[in-house]
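Enquirer: Contents of data-v2.txt (compact mmCIF, C-alpha atoms):
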# COMPACT_ATOMS: atom_id res chain seq x y z
CA MET L 1153 -34.32 5.05 1.33
CA THR L 1154 -35.78 5.15 4.80
CA PHE L 1155 -34.96 7.66 7.49
CA ALA L 1156 -36.09 8.43 10.95
CA PRO L 1157 -35.14 12.11 11.25
CA ASP L 1158 -36.53 12.38 14.75
CA SER L 1159 -34.15 9.74 16.01
CA PHE L 1160 -31.00 11.09 14.46
CA SER L 1161 -30.24 13.49 17.19
CA SER L 1162 -30.74 10.88 19.86
CA ARG L 1163 -28.28 10.80 22.67
CA ARG L 1164 -27.66 7.12 22.08
CA ASP L 1165 -26.28 7.78 18.61
CA THR L 1166 -24.07 10.58 19.86
CA LEU L 1167 -22.86 8.39 22.70
CA ALA L 1168 -22.04 5.52 20.33
CA PHE L 1169 -20.13 7.94 18.11
CA LEU L 1170 -18.14 9.36 21.01
CA ILE L 1171 -17.33 5.89 22.37
CA CYS L 1172 -16.09 4.78 18.93
CA LEU L 1173 -13.97 7.93 18.64
CA LEU L 1174 -12.53 7.35 22.09
CA LEU L 1175 -11.75 3.71 21.28
CA SER L 1176 -10.05 4.83 18.05
CA LEU L 1177 -7.83 7.20 19.99
CA VAL L 1178 -7.06 4.50 22.57
CA VAL L 1179 -6.06 2.10 19.79
CA ARG L 1180 -3.99 4.86 18.17
CA VAL L 1181 -1.88 5.42 21.30
CA LEU L 1182 -1.44 1.76 22.21
CA PRO L 1183 2.19 0.58 22.33
CA ALA L 1184 3.47 -0.73 18.98
CA PRO L 1185 3.61 -4.40 20.13
CA ALA L 1186 -0.04 -4.26 21.19
CA GLN L 1187 -1.01 -2.69 17.87
CA THR L 1188 0.90 -5.38 15.99
CA ALA L 1189 -0.78 -8.08 18.08
CA LEU L 1190 -4.21 -6.63 17.27
CA ALA L 1191 -3.43 -6.37 13.56
CA THR L 1192 -2.13 -9.94 13.50
CA ALA L 1193 -5.17 -11.22 15.37
CA PHE L 1194 -7.57 -9.60 12.89
CA SER L 1195 -5.49 -10.73 9.91
CA HIS L 1196 -5.59 -14.34 11.07
CA SER L 1197 -9.25 -14.40 11.99
CA ILE L 1198 -11.89 -12.26 10.34
CA LEU L 1199 -9.66 -11.06 7.49
CA ALA L 1200 -8.04 -14.44 6.76
CA PRO L 1201 -10.57 -15.62 4.13
CA PHE L 1202 -10.49 -12.26 2.37
CA LEU L 1203 -6.70 -12.15 2.33
CA TYR L 1204 -6.71 -15.69 0.96
CA LEU L 1205 -9.05 -14.51 -1.80
CA GLN L 1206 -6.72 -11.62 -2.58
CA GLU L 1207 -3.67 -13.88 -2.62
CA GLN L 1208 -5.40 -16.24 -5.06
CA ALA L 1209 -6.45 -13.29 -7.22
CA GLU L 1210 -2.82 -12.16 -7.30
CA VAL L 1211 -1.78 -15.67 -8.38
CA VAL L 1212 -4.39 -15.65 -11.16
CA LYS L 1213 -3.21 -12.23 -12.32
CA SER L 1214 0.44 -13.37 -12.29
CA SER L 1215 -0.44 -16.52 -14.22
CA ARG L 1216 -2.23 -14.46 -16.84
CA ASP L 1217 0.66 -12.01 -17.09
CA HIS L 1218 3.18 -14.85 -17.39
CA TYR L 1219 1.04 -16.50 -20.06
CA VAL L 1220 0.89 -13.28 -22.09
CA ALA L 1221 4.63 -12.75 -21.63
CA THR L 1222 5.39 -16.34 -22.63
CA ILE L 1223 3.29 -16.02 -25.78
CA GLY L 1224 5.16 -12.82 -26.59
CA VAL L 1225 8.53 -14.42 -26.00
CA ASN L 1226 7.56 -17.44 -28.09
CA ASP L 1227 6.46 -15.22 -30.97
CA SER L 1228 9.61 -13.20 -30.64
CA ILE L 1229 11.80 -16.32 -30.64
CA ALA L 1230 9.99 -17.73 -33.64
CA LEU L 1231 10.69 -14.55 -35.56
CA ARG L 1232 14.28 -14.24 -34.42
CA ALA L 1233 14.93 -17.94 -35.16
CA LEU L 1234 14.96 -16.92 -38.80
CA ASP L 1235 18.12 -15.02 -37.99
CA ALA L 1236 20.47 -17.68 -36.61
CA ALA L 1237 23.19 -15.18 -35.81
CA GLY L 1238 20.97 -13.25 -33.43
CA LEU L 1239 19.55 -16.33 -31.74
CA GLU L 1240 22.40 -16.80 -29.30
CA GLU L 1241 22.18 -13.23 -28.09
CA GLU L 1242 18.42 -13.50 -27.74
CA ASN L 1243 18.79 -16.63 -25.62
CA ALA L 1244 21.27 -14.88 -23.36
CA GLN L 1245 18.83 -12.03 -22.88
CA LEU L 1246 15.98 -14.38 -22.08
CA ARG L 1247 18.13 -16.22 -19.56
CA ALA L 1248 18.90 -12.91 -17.91
CA GLU L 1249 15.20 -12.15 -17.71
CA LEU L 1250 14.49 -15.41 -15.93
CA GLY L 1251 14.78 -13.44 -12.77
CA LEU L 1252 16.76 -12.39 -9.84
CA SER L 1253 15.49 -15.37 -7.90
CA ARG L 1254 17.90 -17.84 -9.54
CA ARG L 1255 20.88 -15.54 -9.07
CA LEU L 1256 20.50 -14.90 -5.39
CA PRO L 1257 23.09 -16.90 -3.44
CA VAL L 1258 21.14 -16.73 -0.16
CA SER L 1259 17.91 -18.47 0.81
CA HIS L 1260 14.86 -16.41 -0.04
CA VAL L 1261 11.16 -16.63 -0.82
CA SER L 1262 9.06 -14.90 -3.47
CA ALA L 1263 6.00 -13.00 -2.31
CA GLU L 1264 3.02 -11.21 -3.73
CA VAL L 1265 2.42 -7.65 -2.55
CA LEU L 1266 -1.20 -7.47 -1.39
CA GLN L 1267 -2.13 -3.87 -2.23
CA GLN L 1268 -4.46 -2.13 0.22
CA ALA L 1269 -6.74 0.88 0.05
CA LEU L 1270 -5.65 3.29 2.79
CA PRO L 1271 -3.59 6.29 1.68
CA THR L 1272 -0.78 5.10 3.95
CA ALA L 1273 -0.43 1.91 1.87
CA GLY L 1274 2.50 3.50 0.05
CA LEU L 1275 4.52 3.37 3.26
CA MET L 1276 3.99 -0.28 4.14
CA ALA L 1277 3.23 -3.47 2.22
CA ARG L 1278 1.47 -6.64 3.22
CA LEU L 1279 3.31 -9.65 1.79
CA SER L 1280 1.83 -13.07 1.11
CA VAL L 1281 4.54 -14.94 3.02
CA GLY L 1282 5.06 -15.34 6.74
CA ARG L 1283 6.66 -17.39 9.46
CA ALA L 1284 5.64 -20.62 7.72
CA GLN L 1285 7.89 -19.66 4.79
CA GLY L 1286 10.82 -18.74 7.02
CA VAL L 1287 10.27 -14.98 7.03
CA HIS L 1288 11.43 -13.14 10.16
CA PRO L 1289 11.36 -9.52 11.35
CA GLY L 1290 14.27 -7.62 9.83
CA ALA L 1291 14.36 -9.68 6.63
CA PRO L 1292 15.31 -7.48 3.65
CA VAL L 1293 12.75 -7.13 0.85
CA VAL L 1294 14.12 -6.69 -2.67
CA ALA L 1295 12.99 -6.53 -6.29
CA PRO L 1296 15.11 -7.29 -9.38
CA ALA L 1297 16.02 -3.59 -9.62
CA GLY L 1298 17.02 -3.13 -5.98
CA LEU L 1299 16.00 -2.56 -2.38
CA VAL L 1300 12.30 -2.27 -1.50
CA GLY L 1301 12.20 -2.32 2.31
CA VAL L 1302 12.41 -4.53 5.36
CA VAL L 1303 10.00 -6.87 7.12
CA GLN L 1304 8.69 -5.34 10.32
CA SER L 1305 6.22 -7.86 11.68
CA VAL L 1306 5.47 -11.46 10.80
CA GLY L 1307 2.38 -13.60 11.08
CA GLU L 1308 1.99 -17.26 10.23
CA ARG L 1309 1.06 -16.68 6.59
CA PHE L 1310 1.49 -12.94 6.12
CA SER L 1311 4.04 -10.30 6.95
CA ASP L 1312 4.19 -6.51 6.92
CA ALA L 1313 7.18 -4.70 5.47
CA ILE L 1314 8.00 -1.03 5.80
CA LEU L 1315 8.99 0.38 2.43
CA TRP L 1316 11.78 2.88 1.83
CA THR L 1317 9.10 5.59 1.69
CA HIS L 1318 8.34 5.06 5.40
CA PRO L 1319 9.71 7.87 7.61
CA ASP L 1320 11.36 5.30 9.92
CA PHE L 1321 13.31 3.67 7.08
CA ARG L 1322 17.12 3.94 7.24
CA VAL L 1323 19.87 1.96 5.52
CA SER L 1324 23.64 2.24 5.60
CA ALA L 1325 24.84 2.93 2.05
CA MET L 1326 28.01 3.13 0.01
CA THR L 1327 29.24 3.65 -3.52
CA ALA L 1328 30.21 0.67 -5.68
CA ASP L 1329 33.91 0.99 -4.85
CA GLY L 1330 33.22 1.36 -1.14
CA GLY L 1331 34.89 4.78 -1.11
CA VAL L 1332 31.98 6.83 0.24
CA PHE L 1333 29.57 5.85 2.99
CA GLY L 1334 26.42 7.46 4.34
CA ILE L 1335 22.93 6.83 5.59
CA VAL L 1336 20.01 6.69 3.17
CA ALA L 1337 16.58 7.92 4.34
CA PRO L 1338 13.35 8.97 2.60
CA ARG L 1339 13.26 12.58 1.43
CA GLY L 1340 9.62 12.98 0.41
CA SER L 1341 7.90 13.60 -2.91
CA ALA L 1342 9.30 15.74 -5.71
CA SER L 1343 6.08 15.31 -7.71
CA PRO L 1344 2.95 13.19 -7.32
CA ASN L 1345 4.64 10.18 -8.86
CA THR L 1346 8.24 10.64 -7.79
CA ALA L 1347 9.32 9.97 -4.24
CA LEU L 1348 13.00 10.46 -3.50
CA LEU L 1349 15.64 9.29 -1.05
CA GLU L 1350 18.56 11.19 0.39
CA LEU L 1351 22.09 10.07 1.23
CA ARG L 1352 23.07 11.80 4.46
CA GLY L 1353 26.31 12.29 6.28
CA VAL L 1354 28.74 12.11 3.36
CA PRO L 1355 31.98 13.81 4.47
CA TYR L 1356 32.35 17.27 2.92
CA GLN L 1357 35.67 16.52 1.24
CA GLN L 1358 34.20 13.51 -0.60
CA GLN L 1359 32.21 14.47 -3.67
CA LEU L 1360 29.80 12.17 -5.48
CA PRO L 1361 29.27 12.74 -9.22
CA ILE L 1362 25.69 12.85 -10.48
CA GLY L 1363 24.72 9.38 -11.71
CA THR L 1364 26.63 7.48 -9.06
CA THR L 1365 24.83 4.33 -7.99
CA VAL L 1366 24.39 3.82 -4.25
CA TYR L 1367 24.32 0.34 -2.71
CA THR L 1368 23.66 -1.13 0.71
CA SER L 1369 26.92 -1.28 2.64
CA GLY L 1370 26.18 -4.35 4.73
CA LEU L 1371 27.44 -2.53 7.80
CA GLY L 1372 25.99 -3.47 11.16
CA GLY L 1373 28.10 -6.47 12.06
CA ALA L 1374 26.48 -9.82 12.68
CA ASP L 1375 23.18 -8.07 13.43
CA GLY L 1376 23.20 -6.11 10.18
CA VAL L 1377 19.85 -6.15 8.42
CA TYR L 1378 20.79 -5.57 4.80
CA PRO L 1379 23.32 -7.62 2.82
CA ARG L 1380 26.04 -5.67 1.06
CA GLY L 1381 25.57 -4.76 -2.59
CA ILE L 1382 21.82 -4.24 -3.07
CA PRO L 1383 21.19 -1.21 -5.33
CA ILE L 1384 19.33 1.58 -3.54
CA GLY L 1385 19.28 4.26 -6.20
CA THR L 1386 21.19 6.83 -8.21
CA VAL L 1387 22.51 10.22 -7.10
CA ILE L 1388 20.69 12.94 -9.06
CA ALA L 1389 21.58 16.14 -7.21
CA VAL L 1390 23.31 17.69 -4.24
CA GLY L 1391 20.91 18.51 -1.43
CA GLU L 1392 21.88 20.39 1.70
CA GLU L 1393 25.45 21.17 2.73
CA GLN L 1394 26.86 21.69 6.19
CA GLU L 1395 29.77 23.90 5.30
CA GLY L 1396 33.00 22.08 6.03
CA TRP L 1397 31.29 19.06 7.58
CA SER L 1398 29.04 16.99 5.38
CA ARG L 1399 26.77 16.94 2.34
CA THR L 1400 23.40 15.38 1.66
CA TYR L 1401 22.78 13.97 -1.81
CA ILE L 1402 19.38 13.43 -3.40
CA VAL L 1403 18.93 9.88 -4.65
CA ARG L 1404 16.44 8.59 -7.19
CA PRO L 1405 15.34 5.17 -5.88
CA ALA L 1406 15.94 2.02 -7.88
CA VAL L 1407 12.46 0.70 -7.15
CA HIS L 1408 9.22 2.59 -6.76
CA PRO L 1409 6.73 0.83 -4.45
CA ALA L 1410 3.75 1.69 -6.66
CA SER L 1411 5.24 -0.30 -9.52
CA ILE L 1412 5.82 -3.60 -7.74
CA SER L 1413 3.45 -6.50 -7.40
CA HIS L 1414 6.01 -9.17 -6.52
CA VAL L 1415 9.07 -9.05 -4.29
CA ILE L 1416 11.72 -11.36 -2.88
CA VAL L 1417 12.23 -11.67 0.86
CA ILE L 1418 15.76 -12.70 1.86
CA THR L 1419 15.41 -15.25 4.64
CA GLY L 1420 18.97 -16.56 4.86
CA GLU L 1421 22.03 -15.17 6.56
CA VAL L 1422 23.11 -11.72 5.47
CA GLY L 1423 25.99 -11.91 3.00
CA ASP L 1424 27.44 -10.06 0.04
CA LEU L 1425 25.16 -9.63 -2.95
CA SER L 1426 27.47 -7.42 -5.01
CA GLY L 1427 27.02 -8.17 -8.70
CA VAL L 1428 23.80 -10.12 -8.24
CA PHE L 1429 21.53 -7.26 -9.23
CA GLY L 1430 21.34 -5.63 -12.64
CA THR L 1431 21.87 -1.97 -13.38
CA VAL L 1432 19.75 0.51 -11.49
CA GLY L 1433 16.63 1.40 -13.46
CA ASP L 1434 14.47 4.42 -13.50
CA GLY L 1435 12.93 4.75 -10.12
CA ARG L 1436 9.88 6.62 -11.27
CA MET O 849 -38.30 -6.32 5.79
CA ILE O 850 -36.07 -9.25 6.76
CA GLN O 851 -35.64 -10.11 3.09
CA ILE O 852 -34.54 -6.54 2.39
CA ARG O 853 -31.97 -6.74 5.15
CA TYR O 854 -30.58 -10.00 3.76
CA ARG O 855 -30.35 -8.47 0.30
CA MET O 856 -28.56 -5.45 1.71
CA LEU O 857 -26.19 -7.74 3.61
CA ALA O 858 -25.56 -9.75 0.43
CA VAL O 859 -24.61 -6.60 -1.51
CA LEU O 860 -22.31 -5.43 1.28
CA LEU O 861 -20.60 -8.84 1.50
CA LEU O 862 -20.23 -8.90 -2.28
CA LEU O 863 -18.54 -5.50 -2.17
CA VAL O 864 -16.17 -6.62 0.59
CA ALA O 865 -15.24 -9.77 -1.35
CA LEU O 866 -14.76 -7.79 -4.57
CA GLN O 867 -12.50 -5.37 -2.72
CA PHE O 868 -10.00 -8.19 -2.22
CA VAL O 869 -10.58 -10.18 -5.43
CA LEU O 870 -10.53 -7.27 -7.87
CA ARG O 871 -7.76 -5.21 -6.29
CA PRO O 872 -4.89 -6.96 -8.13
CA PHE O 873 -6.62 -6.22 -11.44
CA LEU O 874 -7.39 -2.56 -10.76
CA GLY O 875 -3.87 -1.27 -11.31
CA ASP O 876 -2.24 1.40 -9.16
CA SER O 877 -3.55 1.02 -5.60
CA ARG O 878 -3.37 4.81 -5.13
CA THR O 879 -6.20 5.32 -7.62
CA ALA O 880 -8.13 2.04 -7.37
CA PRO O 881 -11.69 2.34 -6.02
CA ASP O 882 -12.19 1.51 -2.36
CA LEU O 883 -15.18 -0.84 -2.35
CA LEU O 884 -14.94 -1.30 1.41
CA LEU O 885 -15.69 2.39 1.80
CA VAL O 886 -18.54 2.14 -0.71
CA ALA O 887 -20.04 -0.69 1.37
CA LEU O 888 -19.66 1.35 4.54
CA LEU O 889 -21.30 4.45 3.03
CA LEU O 890 -24.16 2.40 1.55
CA TYR O 891 -24.79 0.99 4.99
CA ALA O 892 -24.33 4.33 6.73
CA ILE O 893 -26.89 6.20 4.63
CA GLN O 894 -29.56 3.69 5.61
CA ALA O 895 -28.64 3.29 9.26
CA ARG O 896 -28.85 5.33 12.42
CA PRO O 897 -25.76 7.48 12.99
CA GLY O 898 -24.80 5.46 16.07
CA HIS O 899 -24.89 2.18 14.17
CA ALA O 900 -23.01 3.79 11.28
CA ALA O 901 -20.31 5.00 13.67
CA ILE O 902 -19.88 1.50 15.10
CA ALA O 903 -19.71 0.03 11.59
CA GLY O 904 -17.18 2.68 10.64
CA PHE O 905 -15.06 1.87 13.67
CA VAL O 906 -15.02 -1.85 12.82
CA VAL O 907 -14.26 -1.28 9.12
CA GLY O 908 -11.53 1.20 10.06
CA LEU O 909 -9.98 -1.23 12.51
CA LEU O 910 -9.89 -3.93 9.82
CA ALA O 911 -8.37 -1.47 7.33
CA ASP O 912 -5.76 -0.57 9.94
CA SER O 913 -4.95 -4.26 10.37
CA LEU O 914 -4.26 -4.51 6.63
CA THR O 915 -2.00 -1.44 6.61
CA PRO O 916 -0.70 -1.03 10.17
CA VAL O 917 1.29 2.16 9.48
CA ALA O 918 -0.76 4.31 11.84
CA PHE O 919 -2.94 1.86 13.73
CA GLY O 920 -6.14 3.54 14.91
CA ALA O 921 -6.06 6.36 12.35
CA GLY O 922 -8.26 4.36 9.98
CA ALA O 923 -10.71 3.52 12.77
CA PHE O 924 -10.93 7.20 13.69
CA ALA O 925 -11.40 8.32 10.08
CA HIS O 926 -14.00 5.70 9.17
CA THR O 927 -15.96 6.37 12.37
CA VAL O 928 -16.19 10.08 11.58
CA VAL O 929 -17.02 9.57 7.89
CA ALA O 930 -19.70 6.94 8.58
CA TYR O 931 -21.31 9.05 11.31
CA LEU O 932 -21.33 12.15 9.12
CA ALA O 933 -22.69 10.12 6.20
CA ALA O 934 -25.61 8.82 8.28
CA TRP O 935 -26.31 12.26 9.74
CA GLY O 936 -25.78 14.14 6.47
CA LYS O 937 -27.99 11.77 4.52
CA ALA O 938 -30.92 12.55 6.77
CA VAL O 939 -30.45 16.29 6.54
CA PHE O 940 -29.16 17.07 3.05
CA PHE O 941 -29.21 14.12 0.75
CA ALA O 942 -31.35 13.98 -2.37
CA GLU O 943 -31.68 10.65 -4.12
CA SER O 944 -29.97 11.40 -7.38
CA LEU O 945 -26.94 9.75 -8.93
CA PRO O 946 -24.79 12.89 -9.25
CA VAL O 947 -25.43 13.80 -5.62
CA SER O 948 -24.72 10.22 -4.55
CA ALA O 949 -21.45 10.30 -6.50
CA ALA O 950 -20.49 13.64 -4.93
CA PHE O 951 -21.38 12.24 -1.52
CA VAL O 952 -19.08 9.22 -1.96
CA PHE O 953 -16.36 11.42 -3.46
CA ALA O 954 -16.43 13.70 -0.43
CA GLY O 955 -16.51 10.74 1.97
CA SER O 956 -13.49 9.10 0.34
CA TRP O 957 -11.45 12.31 0.30
CA LEU O 958 -12.37 13.16 3.88
CA ARG O 959 -11.44 9.65 4.99
CA ASP O 960 -8.00 10.01 3.38
CA LEU O 961 -7.52 13.44 4.96
CA LEU O 962 -8.37 12.15 8.44
CA VAL O 963 -6.17 9.03 8.08
CA LEU O 964 -3.20 11.12 6.99
CA VAL O 965 -3.67 13.80 9.62
CA ALA O 966 -4.27 11.31 12.43
CA GLY O 967 -1.36 9.16 11.22
CA ARG O 968 1.13 12.03 10.87
CA HIS O 969 3.50 9.80 8.90
CA MET O 970 3.89 11.85 5.75
CA GLY O 971 6.01 14.89 5.12
CA GLU O 972 4.33 18.13 4.08
CA ARG O 973 5.04 17.74 0.39
CA SER O 974 4.00 14.08 0.26
CA LEU O 975 0.83 14.97 2.15
CA LEU O 976 0.08 17.74 -0.32
CA TRP O 977 0.52 15.48 -3.35
CA GLN O 978 -1.55 12.78 -1.71
CA LEU O 979 -4.45 15.11 -0.91
CA THR O 980 -4.42 17.05 -4.17
CA VAL O 981 -3.68 14.28 -6.65
CA TRP O 982 -4.03 10.71 -5.44
CA SER O 983 -6.89 11.08 -2.98
CA PRO O 984 -9.14 12.94 -5.47
CA LEU O 985 -8.38 10.31 -8.13
CA LYS O 986 -9.18 7.51 -5.70
CA ALA O 987 -12.33 9.38 -4.60
CA LEU O 988 -13.36 9.72 -8.24
CA THR O 989 -12.99 5.99 -9.02
CA THR O 990 -14.70 5.14 -5.73
CA ALA O 991 -17.61 7.44 -6.61
CA LEU O 992 -17.90 5.84 -10.05
CA ALA O 993 -17.91 2.38 -8.46
CA ALA O 994 -20.64 3.52 -6.06
CA VAL O 995 -22.77 4.77 -8.97
CA VAL O 996 -22.40 1.41 -10.72
CA VAL O 997 -23.41 -0.43 -7.53
CA LEU O 998 -26.39 1.88 -6.99
CA VAL O 999 -27.61 1.38 -10.56
CA LEU O 1000 -27.10 -2.39 -10.52
CA PHE O 1001 -28.59 -3.03 -7.09
CA ARG O 1002 -31.09 -0.16 -6.73
CA ARG O 1003 -33.98 -2.54 -6.10
CA TRP O 1004 -32.13 -4.67 -3.57
CA LEU O 1005 -30.92 -1.56 -1.78
CA ARG O 1006 -34.36 0.08 -2.06
CA VAL O 1007 -32.80 3.16 -3.56
CA ARG O 1008 -34.74 5.47 -5.85
CA VAL O 1009 -32.04 6.93 -8.04
CA ARG O 1010 -32.55 9.67 -10.60
CA ALA O 1011 -29.93 10.74 -13.14
Would you mind writing the file out in structure tokens?

Expert:
Amino acid sequence: MTFAPDSFSSRRDTLAFLICLLLSLVVRVLPAPAQTALATAFSHSILAPFLYLQEQAEVVKSSRDHYVATIGVNDSIALRALDAAGLEEENAQLRAELGLSRRLPVSHVSAEVLQQALPTAGLMARLSVGRAQGVHPGAPVVAPAGLVGVVQSVGERFSDAILWTHPDFRVSAMTADGGVFGIVAPRGSASPNTALLELRGVPYQQQLPIGTTVYTSGLGGADGVYPRGIPIGTVIAVGEEQEGWSRTYIVRPAVHPASISHVIVITGEVGDLSGVFGTVGDGR
Amino acid sequence: MIQIRYRMLAVLLLLVALQFVLRPFLGDSRTAPDLLLVALLLYAIQARPGHAAIAGFVVGLLADSLTPVAFGAGAFAHTVVAYLAAWGKAVFFAESLPVSAAFVFAGSWLRDLLVLVAGRHMGERSLLWQLTVWSPLKALTTALAAVVVLVLFRRWLRVRVRA
């Protein structure tokens, strides 16, 4: 490799470094709309071909995964077909696995999650759908197991969604019977691979048993962001208590962002999705 | 000399393209190698610190556009890492694969540290897990990727690498 040691301490290099640092700080303190505008401009210009490449790579990966899954299902069906009594049950299970997409009673679009490299990527996801597909800011993002996040900004072909791990994330929550309400917010990490949520503001006299599933409440009137009935997670412990006032419960999320490659963005009017989702899975 | 520059540019563009094409196949994004950072460090160790800082700023800005959680934090982090890489290479760096790997490892971890500190979006515990578990794992895979690139393209990059 070639060096020019005598030139490394040049004032010009130091000046360039300081100017870049200064510009970074200026960009960092810009108002959020200006930052979003910059990000959108870069995404639709210099980054557009690379994001297109990534989107196509995601499609290829999904196609391969579906092919492998289909072969597996076919083999499984061929084996089970020998047992006629079990065939009906098997078919019912396969129909159930066809996906949340067919069960959702509101308009929605499927999207690939375009994973990125920065360590903050666990707080926000870039989705492969945008304004052209009907996505709008505030659109809920879900997976078959439950709530993932909400769309924050939208470009023509891409959108950015904050995930439930983001410190600004909040959602009004309730139990299945609608007896207990509270606000769900991120709690942080219990271990390297387990991020948790917390259900805040539950009245002190109302107790939630461990294992209770928490759903979106749909509260917020006509401007409410989240439809009612999307699973958020499962209560696993009691957190802090304000003696005589309220309790905070620790919630294991239904969906972990690191495990998702595809999501569904709800683009239609907010409604009631109770019963659409399956049981809450392990959020690890 | 011009041919060498074109070859260098070709390798860097290949790394940038692979960053987007291979990412879906590399599994968990928290541990997947960051080829964009590899490209930046490869450029930085052969460039003047000022040029490296500018390249770092641009790469960081693009990374921020892809994950606009803390816009500007990536630009800040990449600028610092690229500048230090260019400066450090001139002063300390020996051309051996283990040292190159350690160099990329340190660059990747430092980048993560600066992004997280400048972003201030993570709680203490999440920050701790990120810096002690996920960032080192990502730095390790990134360093391995850099070694592979150095071995495969040592002639194009005009790098004399020793094991």

Enquirer: I'd like to know which of O:Ala950, O:Pro897, O:Arg968, O:Arg878 is closest to Ala921 in chain O, using all atoms listed in the file.

Expert: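 The shortest atom-to-atom distance to Ala921 in chain O comes from O:Arg968.
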
Enquirer: Measure the distance from CA of His1196 in chain L to CA of Phe868 in chain O in Å and round it to one decimal.

Expert: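 Calculated distance between CA of His1196 in chain L and CA of Phe868 in chain O is 15.3 Å.
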
Enquirer: Identify which of the residues L:Glu1264, L:Glu1421, L:Glu1393, L:Asp1329 lies closest to chain O, counting all atoms listed in the file when measuring atom-to-atom distances.

Expert: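 Among the listed residues, L:Glu1264 lies closest to chain O.
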
Enquirer: Can you work out which one of L:Ala1389, L:Leu1348, L:Ile1314, L:Val1377 has the shortest atom-to-atom distance to Arg1404 in chain L, counting all atoms listed in the file?

Expert: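 Ranking L:Ala1389, L:Leu1348, L:Ile1314, L:Val1377 by distance to Arg1404 in chain L, first place goes to L:Leu1348.
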
Enquirer: Residues near Ala1269 in chain L, anyone? I mean within 10 Å using all atoms listed in the file, not counting same-chain ones fewer than 2 positions away, as a list in words.

Expert: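 Contacts, with the query itself left out: Gln1267, Pro1271, Thr1272, Ala1273 and Gly1274 of chain L; Gln867, Phe868, Arg871, Ser877, Arg878, Thr879, Ala880, Pro881, Asp882, Leu883, Leu884, Leu885, Ala911, Leu914, Thr915, Asp960 and Lys986 of chain O.
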
Enquirer: Next, write the just-selected residues to a file, as a CSV table (one decimal), in the coordinates of the input, keeping C-alpha atoms as the atom set.

Expert:
chain,number,residue,atom,x,y,z
L,1267,GLN,CA,-2.1,-3.9,-2.2
L,1271,PRO,CA,-3.6,6.3,1.7
L,1272,THR,CA,-0.8,5.1,4.0
L,1273,ALA,CA,-0.4,1.9,1.9
L,1274,GLY,CA,2.5,3.5,0.0
O,867,GLN,CA,-12.5,-5.4,-2.7
O,868,PHE,CA,-10.0,-8.2,-2.2
O,871,ARG,CA,-7.8,-5.2,-6.3
O,877,SER,CA,-3.6,1.0,-5.6
O,878,ARG,CA,-3.4,4.8,-5.1
O,879,THR,CA,-6.2,5.3,-7.6
O,880,ALA,CA,-8.1,2.0,-7.4
O,881,PRO,CA,-11.7,2.3,-6.0
O,882,ASP,CA,-12.2,1.5,-2.4
O,883,LEU,CA,-15.2,-0.8,-2.4
O,884,LEU,CA,-14.9,-1.3,1.4
O,885,LEU,CA,-15.7,2.4,1.8
O,911,ALA,CA,-8.4,-1.5,7.3
O,914,LEU,CA,-4.3,-4.5,6.6
O,915,THR,CA,-2.0,-1.4,6.6
O,960,ASP,CA,-8.0,10.0,3.4
O,986,LYS,CA,-9.2,7.5,-5.7

Enquirer: Using only C-alpha atoms, can you tell me which of L:Val1287, L:Leu1175, L:Val1336, L:Val1265 comes closest to Pro1405 in chain L?

Expert: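 Result for the nearest residue to Pro1405 in chain L: L:Val1336.
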
Enquirer: Which residues, written as JSON, numbers by chain, have at least one atom at most 12 Å from Gly908 in chain O, with only C-alpha atoms counted and residues fewer than 6 positions away on the same chain left out?

Expert: {"L": [1172, 1173, 1175, 1176, 1179, 1180, 1191, 1194, 1269, 1270], "O": [884, 885, 888, 900, 901, 902, 914, 915, 916, 918, 919, 920, 921, 922, 923, 924, 925, 926, 927, 928, 929, 930, 959, 960, 962, 963]}

Enquirer: I need the chosen residues saved as a compact mmCIF listing (two decimals), in the coordinates of the input, with C-alpha atoms.

Expert:
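Below is the file that was written, out08.txt:
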# COMPACT_ATOMS: atom_id res chain seq x y z
CA CYS L 1172 -16.09 4.78 18.93
CA LEU L 1173 -13.97 7.93 18.64
CA LEU L 1175 -11.75 3.71 21.28
CA SER L 1176 -10.05 4.83 18.05
CA VAL L 1179 -6.06 2.10 19.79
CA ARG L 1180 -3.99 4.86 18.17
CA ALA L 1191 -3.43 -6.37 13.56
CA PHE L 1194 -7.57 -9.60 12.89
CA ALA L 1269 -6.74 0.88 0.05
CA LEU L 1270 -5.65 3.29 2.79
CA LEU O 884 -14.94 -1.30 1.41
CA LEU O 885 -15.69 2.39 1.80
CA LEU O 888 -19.66 1.35 4.54
CA ALA O 900 -23.01 3.79 11.28
CA ALA O 901 -20.31 5.00 13.67
CA ILE O 902 -19.88 1.50 15.10
CA LEU O 914 -4.26 -4.51 6.63
CA THR O 915 -2.00 -1.44 6.61
CA PRO O 916 -0.70 -1.03 10.17
CA ALA O 918 -0.76 4.31 11.84
CA PHE O 919 -2.94 1.86 13.73
CA GLY O 920 -6.14 3.54 14.91
CA ALA O 921 -6.06 6.36 12.35
CA GLY O 922 -8.26 4.36 9.98
CA ALA O 923 -10.71 3.52 12.77
CA PHE O 924 -10.93 7.20 13.69
CA ALA O 925 -11.40 8.32 10.08
CA HIS O 926 -14.00 5.70 9.17
CA THR O 927 -15.96 6.37 12.37
CA VAL O 928 -16.19 10.08 11.58
CA VAL O 929 -17.02 9.57 7.89
CA ALA O 930 -19.70 6.94 8.58
CA ARG O 959 -11.44 9.65 4.99
CA ASP O 960 -8.00 10.01 3.38
CA LEU O 962 -8.37 12.15 8.44
CA VAL O 963 -6.17 9.03 8.08
